[in-house]
Amino acid sequence: MITLTTDFGIKGPYVGEMKGAILTINPEAKIVDITHSITRHSIVEGSFVMEQVVKYFPPNTIHVGVIDPGVGTERRAIIIEGTQFLVLPDNGLATLPLKWIQPKAAYEIDLKKMEKIIGRKISSTFHGRDVFGPAGALLSLGYEPSRFGKEIDIESIIKLDLRPKKREDYWLLKVIYIDDFGNVILNLENYERPKYVEILGRKIPYLDTYGKVKPGELLSLPGSHDYLEIAVNQGSAAELLGLKVGDEVEVKLIYGEG
């Protein structure tokens, strides 16, 4: 099984070309489109989406991620092997999914080797079609990842700094995802349940689900991904608060009436 997560969009031929490259190598490949609508070049957003996908797919699934603003530069194309596979650019995209696959080895894809394997020249601007997709297809046929290139130190893989930062009485958090409902997901998990969350000067009740407040009202909640989430019942918290992916905000968890 091969999953695809990209920022290609659906207007052009890019998704179709990548699928065609995969199916040429393995016509029996089972391809699952996760999304091709990651915000252009948003590695943080792509990493969050890939993390959620990895958590719910079976062992040996091959996850191909292509959010690659550095395509054609010196950034590495890599394969990470664990309970599942990650096939992606080494630009921080692996940060969040990496912690769920029990990684045991990583490899840099040698582009010259890949050209020989696929029998054609690799484009300098479309590694989704010419590198990552074919690598995923070959893995699905049982190719050992070591055949693509040299083993690299897992610790050398680039990771985004998505750790929540604790200050004296508040957290400095980052917006890591905004869904189609406008719900704002922040990089804080495994926290003690508060009574209120204070953000951007607003004291917001912490509840279990959206319908616990009136339409148009703000609430905070654990969300379905176990990260702290800020939402508006039947509205957009992102619009109301003026937030976008990558923004840093000061957040205070209030455990009493405060």
# chains A, B, ... in the order shown; residues from 1 in each chain; ligands from 1
$ select_by_dssp --residues "region 69-112 of chain A" --states "helix (DSSP H, G or I)" --output "list in words"
Pro97, Leu98, Lys99, Trp100, Leu111 and Lys112 of chain A
$ select_by_dssp --residues "region 95-258 of chain A" --states "strand (DSSP E or B)" --output "ChimeraX atom specification"
/A:105-108,151-152,165-166,171-178,184-189,196-199,202-206,218-221,227-232,235,248-254
$ closest_atom_pairs --of "region 133-243 of chain A" --to "region 36-53 of chain A" --cutoff "12 Å" --atoms "only C-alpha atoms" --output "tab-separated table"
residue	atom	partner	partner_atom	distance
A:Ile158	CA	A:Ile43	CA	11.6
A:Lys159	CA	A:Ser47	CA	10.0
A:Leu160	CA	A:Val44	CA	7.7
A:Asp161	CA	A:Val44	CA	9.7
A:Leu162	CA	A:Val44	CA	8.5
A:Lys174	CA	A:Val44	CA	9.9
A:Val175	CA	A:Val44	CA	8.9
A:Ile176	CA	A:Glu45	CA	5.8
A:Tyr177	CA	A:Glu45	CA	5.4
A:Ile178	CA	A:Glu45	CA	8.3
A:Asp179	CA	A:Glu45	CA	9.9
A:Asp180	CA	A:Ser37	CA	10.7
A:Val184	CA	A:Glu45	CA	11.7
A:Ile185	CA	A:Phe48	CA	9.7
A:Leu186	CA	A:Phe48	CA	10.5
A:Asn187	CA	A:Phe48	CA	9.6
A:Ser224	CA	A:Gln52	CA	10.0
A:His225	CA	A:Gln52	CA	7.3
A:Asp226	CA	A:Gln52	CA	10.3
A:Tyr227	CA	A:Phe48	CA	10.6
$ write_last_selection --atoms "N, CA, C and O atoms" --output "PDB file, in the first residue's frame"
ATOM      1  N   ILE A 158      16.878  15.979   8.948  1.00  0.00           N
ATOM      2  CA  ILE A 158      16.457  17.319   9.355  1.00  0.00           C
ATOM      3  C   ILE A 158      15.109  17.255  10.053  1.00  0.00           C
ATOM      4  O   ILE A 158      14.176  16.610   9.575  1.00  0.00           O
ATOM      5  N   LYS A 159      15.023  17.935  11.194  1.00  0.00           N
ATOM      6  CA  LYS A 159      13.779  17.977  11.960  1.00  0.00           C
ATOM      7  C   LYS A 159      13.410  19.430  12.256  1.00  0.00           C
ATOM      8  O   LYS A 159      14.268  20.245  12.600  1.00  0.00           O
ATOM      9  N   LEU A 160      12.135  19.732  12.112  1.00  0.00           N
ATOM     10  CA  LEU A 160      11.634  21.052  12.445  1.00  0.00           C
ATOM     11  C   LEU A 160      11.577  21.199  13.971  1.00  0.00           C
ATOM     12  O   LEU A 160      11.368  20.216  14.687  1.00  0.00           O
ATOM     13  N   ASP A 161      11.737  22.400  14.455  1.00  0.00           N
ATOM     14  CA  ASP A 161      11.602  22.647  15.890  1.00  0.00           C
ATOM     15  C   ASP A 161      10.121  22.868  16.198  1.00  0.00           C
ATOM     16  O   ASP A 161       9.614  23.984  16.127  1.00  0.00           O
ATOM     17  N   LEU A 162       9.432  21.774  16.507  1.00  0.00           N
ATOM     18  CA  LEU A 162       8.003  21.844  16.811  1.00  0.00           C
ATOM     19  C   LEU A 162       7.728  21.507  18.277  1.00  0.00           C
ATOM     20  O   LEU A 162       6.613  21.140  18.633  1.00  0.00           O
ATOM     21  N   LYS A 174       3.088  26.835  18.546  1.00  0.00           N
ATOM     22  CA  LYS A 174       3.069  27.092  17.106  1.00  0.00           C
ATOM     23  C   LYS A 174       1.820  26.475  16.488  1.00  0.00           C
ATOM     24  O   LYS A 174       1.400  25.365  16.854  1.00  0.00           O
ATOM     25  N   VAL A 175       1.222  27.197  15.548  1.00  0.00           N
ATOM     26  CA  VAL A 175       0.103  26.651  14.778  1.00  0.00           C
ATOM     27  C   VAL A 175       0.674  25.659  13.761  1.00  0.00           C
ATOM     28  O   VAL A 175       1.477  26.036  12.907  1.00  0.00           O
ATOM     29  N   ILE A 176       0.281  24.383  13.894  1.00  0.00           N
ATOM     30  CA  ILE A 176       0.831  23.372  12.981  1.00  0.00           C
ATOM     31  C   ILE A 176      -0.174  22.912  11.930  1.00  0.00           C
ATOM     32  O   ILE A 176       0.213  22.261  10.957  1.00  0.00           O
ATOM     33  N   TYR A 177      -1.453  23.270  12.114  1.00  0.00           N
ATOM     34  CA  TYR A 177      -2.439  22.888  11.097  1.00  0.00           C
ATOM     35  C   TYR A 177      -3.703  23.704  11.291  1.00  0.00           C
ATOM     36  O   TYR A 177      -4.092  24.023  12.412  1.00  0.00           O
ATOM     37  N   ILE A 178      -4.344  24.032  10.186  1.00  0.00           N
ATOM     38  CA  ILE A 178      -5.680  24.618  10.193  1.00  0.00           C
ATOM     39  C   ILE A 178      -6.516  23.807   9.224  1.00  0.00           C
ATOM     40  O   ILE A 178      -6.178  23.712   8.034  1.00  0.00           O
ATOM     41  N   ASP A 179      -7.583  23.181   9.721  1.00  0.00           N
ATOM     42  CA  ASP A 179      -8.362  22.310   8.845  1.00  0.00           C
ATOM     43  C   ASP A 179      -9.390  23.115   8.056  1.00  0.00           C
ATOM     44  O   ASP A 179      -9.481  24.345   8.179  1.00  0.00           O
ATOM     45  N   ASP A 180     -10.182  22.423   7.248  1.00  0.00           N
ATOM     46  CA  ASP A 180     -11.140  23.105   6.376  1.00  0.00           C
ATOM     47  C   ASP A 180     -12.270  23.782   7.142  1.00  0.00           C
ATOM     48  O   ASP A 180     -13.016  24.584   6.574  1.00  0.00           O
ATOM     49  N   VAL A 184      -7.992  25.540  14.651  1.00  0.00           N
ATOM     50  CA  VAL A 184      -6.563  25.828  14.793  1.00  0.00           C
ATOM     51  C   VAL A 184      -5.934  24.772  15.695  1.00  0.00           C
ATOM     52  O   VAL A 184      -6.326  24.633  16.862  1.00  0.00           O
ATOM     53  N   ILE A 185      -4.969  24.020  15.168  1.00  0.00           N
ATOM     54  CA  ILE A 185      -4.306  22.978  15.936  1.00  0.00           C
ATOM     55  C   ILE A 185      -2.909  23.457  16.321  1.00  0.00           C
ATOM     56  O   ILE A 185      -2.127  23.894  15.473  1.00  0.00           O
ATOM     57  N   LEU A 186      -2.628  23.381  17.626  1.00  0.00           N
ATOM     58  CA  LEU A 186      -1.367  23.866  18.186  1.00  0.00           C
ATOM     59  C   LEU A 186      -0.494  22.694  18.624  1.00  0.00           C
ATOM     60  O   LEU A 186      -0.993  21.594  18.897  1.00  0.00           O
ATOM     61  N   ASN A 187       0.802  22.918  18.707  1.00  0.00           N
ATOM     62  CA  ASN A 187       1.766  21.832  18.958  1.00  0.00           C
ATOM     63  C   ASN A 187       1.922  21.493  20.440  1.00  0.00           C
ATOM     64  O   ASN A 187       3.036  21.375  20.957  1.00  0.00           O
ATOM     65  N   SER A 224      -9.499  15.631  17.764  1.00  0.00           N
ATOM     66  CA  SER A 224      -9.414  14.205  17.426  1.00  0.00           C
ATOM     67  C   SER A 224      -7.986  13.718  17.250  1.00  0.00           C
ATOM     68  O   SER A 224      -7.748  12.521  17.074  1.00  0.00           O
ATOM     69  N   HIS A 225      -7.006  14.638  17.279  1.00  0.00           N
ATOM     70  CA  HIS A 225      -5.603  14.255  17.080  1.00  0.00           C
ATOM     71  C   HIS A 225      -4.777  14.402  18.355  1.00  0.00           C
ATOM     72  O   HIS A 225      -3.559  14.266  18.323  1.00  0.00           O
ATOM     73  N   ASP A 226      -5.459  14.735  19.468  1.00  0.00           N
ATOM     74  CA  ASP A 226      -4.824  14.832  20.785  1.00  0.00           C
ATOM     75  C   ASP A 226      -3.917  16.041  20.938  1.00  0.00           C
ATOM     76  O   ASP A 226      -3.189  16.149  21.928  1.00  0.00           O
ATOM     77  N   TYR A 227      -3.930  16.939  19.985  1.00  0.00           N
ATOM     78  CA  TYR A 227      -3.246  18.221  20.137  1.00  0.00           C
ATOM     79  C   TYR A 227      -4.258  19.263  20.624  1.00  0.00           C
ATOM     80  O   TYR A 227      -5.467  19.151  20.361  1.00  0.00           O
TER      81      TYR A 227
END
$ closest_atom_pairs --of "region 94-179 of chain A" --to "region 196-215 of chain A" --cutoff "12 Å" --atoms "only C-alpha atoms" --output "tab-separated table"
residue	atom	partner	partner_atom	distance
A:Asp169	CA	A:Glu198	CA	11.2
A:Tyr170	CA	A:Glu198	CA	9.1
A:Trp171	CA	A:Ile199	CA	10.0
A:Leu172	CA	A:Ile199	CA	10.3
A:Leu173	CA	A:Ile199	CA	10.2
A:Lys174	CA	A:Ile199	CA	12.0
$ write_last_selection --atoms "N, CA and C atoms" --output "compact mmCIF listing (two decimals), in the first residue's frame"
# COMPACT_ATOMS: atom_id res chain seq x y z
N ASP A 169 4.60 31.15 33.17
CA ASP A 169 3.18 30.89 33.40
C ASP A 169 2.40 30.73 32.10
N TYR A 170 3.10 30.49 31.00
CA TYR A 170 2.40 30.27 29.73
C TYR A 170 3.25 29.41 28.81
N TRP A 171 2.65 28.95 27.74
CA TRP A 171 3.35 28.20 26.69
C TRP A 171 3.50 29.07 25.45
N LEU A 172 4.65 28.95 24.79
CA LEU A 172 4.82 29.54 23.47
C LEU A 172 4.61 28.41 22.47
N LEU A 173 3.50 28.48 21.75
CA LEU A 173 3.09 27.39 20.88
C LEU A 173 3.07 27.83 19.42
N LYS A 174 3.09 26.84 18.55
CA LYS A 174 3.07 27.09 17.11
C LYS A 174 1.82 26.48 16.49
$ residues_around --residues "Glu151 (chain A)" --least-positions-apart "2" --cutoff "9 Å" --atoms "only C-alpha atoms" --output "list in words"
Ala105, Ala106, Tyr107, Glu108, Pro145, Ser146, Gly149, Asp153 and Ile154 of chain A
$ residues_around --residues "Ile157 (chain A)" --least-positions-apart "5" --cutoff "9 Å" --atoms "only C-alpha atoms" --output "ChimeraX atom specification"
/A:78,90-92,94-95,106,152
$ atom_distance --atom1 "CA of Leu23 (chain A)" --atom2 "CA of Leu138 (chain A)"
10.2 Å
$ atom_distance --atom1 "CA of Ala135 (chain A)" --atom2 "CA of Ile109 (chain A)"
8.4 Å
$ closest_residue --among "A:Lys11, A:His63, A:Lys30, A:Arg163" --to "Leu98 (chain A)" --atoms "only C-alpha atoms"
A:His63
$ closest_residue --among "A:Pro13, A:Gly256, A:Gly182, A:Pro194" --to "Asn233 (chain A)" --atoms "only C-alpha atoms"
A:Gly182
$ atom_distance --atom1 "CA of Ile25 (chain A)" --atom2 "CA of Thr3 (chain A)"
15.7 Å
$ closest_residue --among "A:Ile10, A:Leu111, A:Val64, A:Ala238" --to "Ala137 (chain A)" --atoms "only C-alpha atoms"
A:Val64
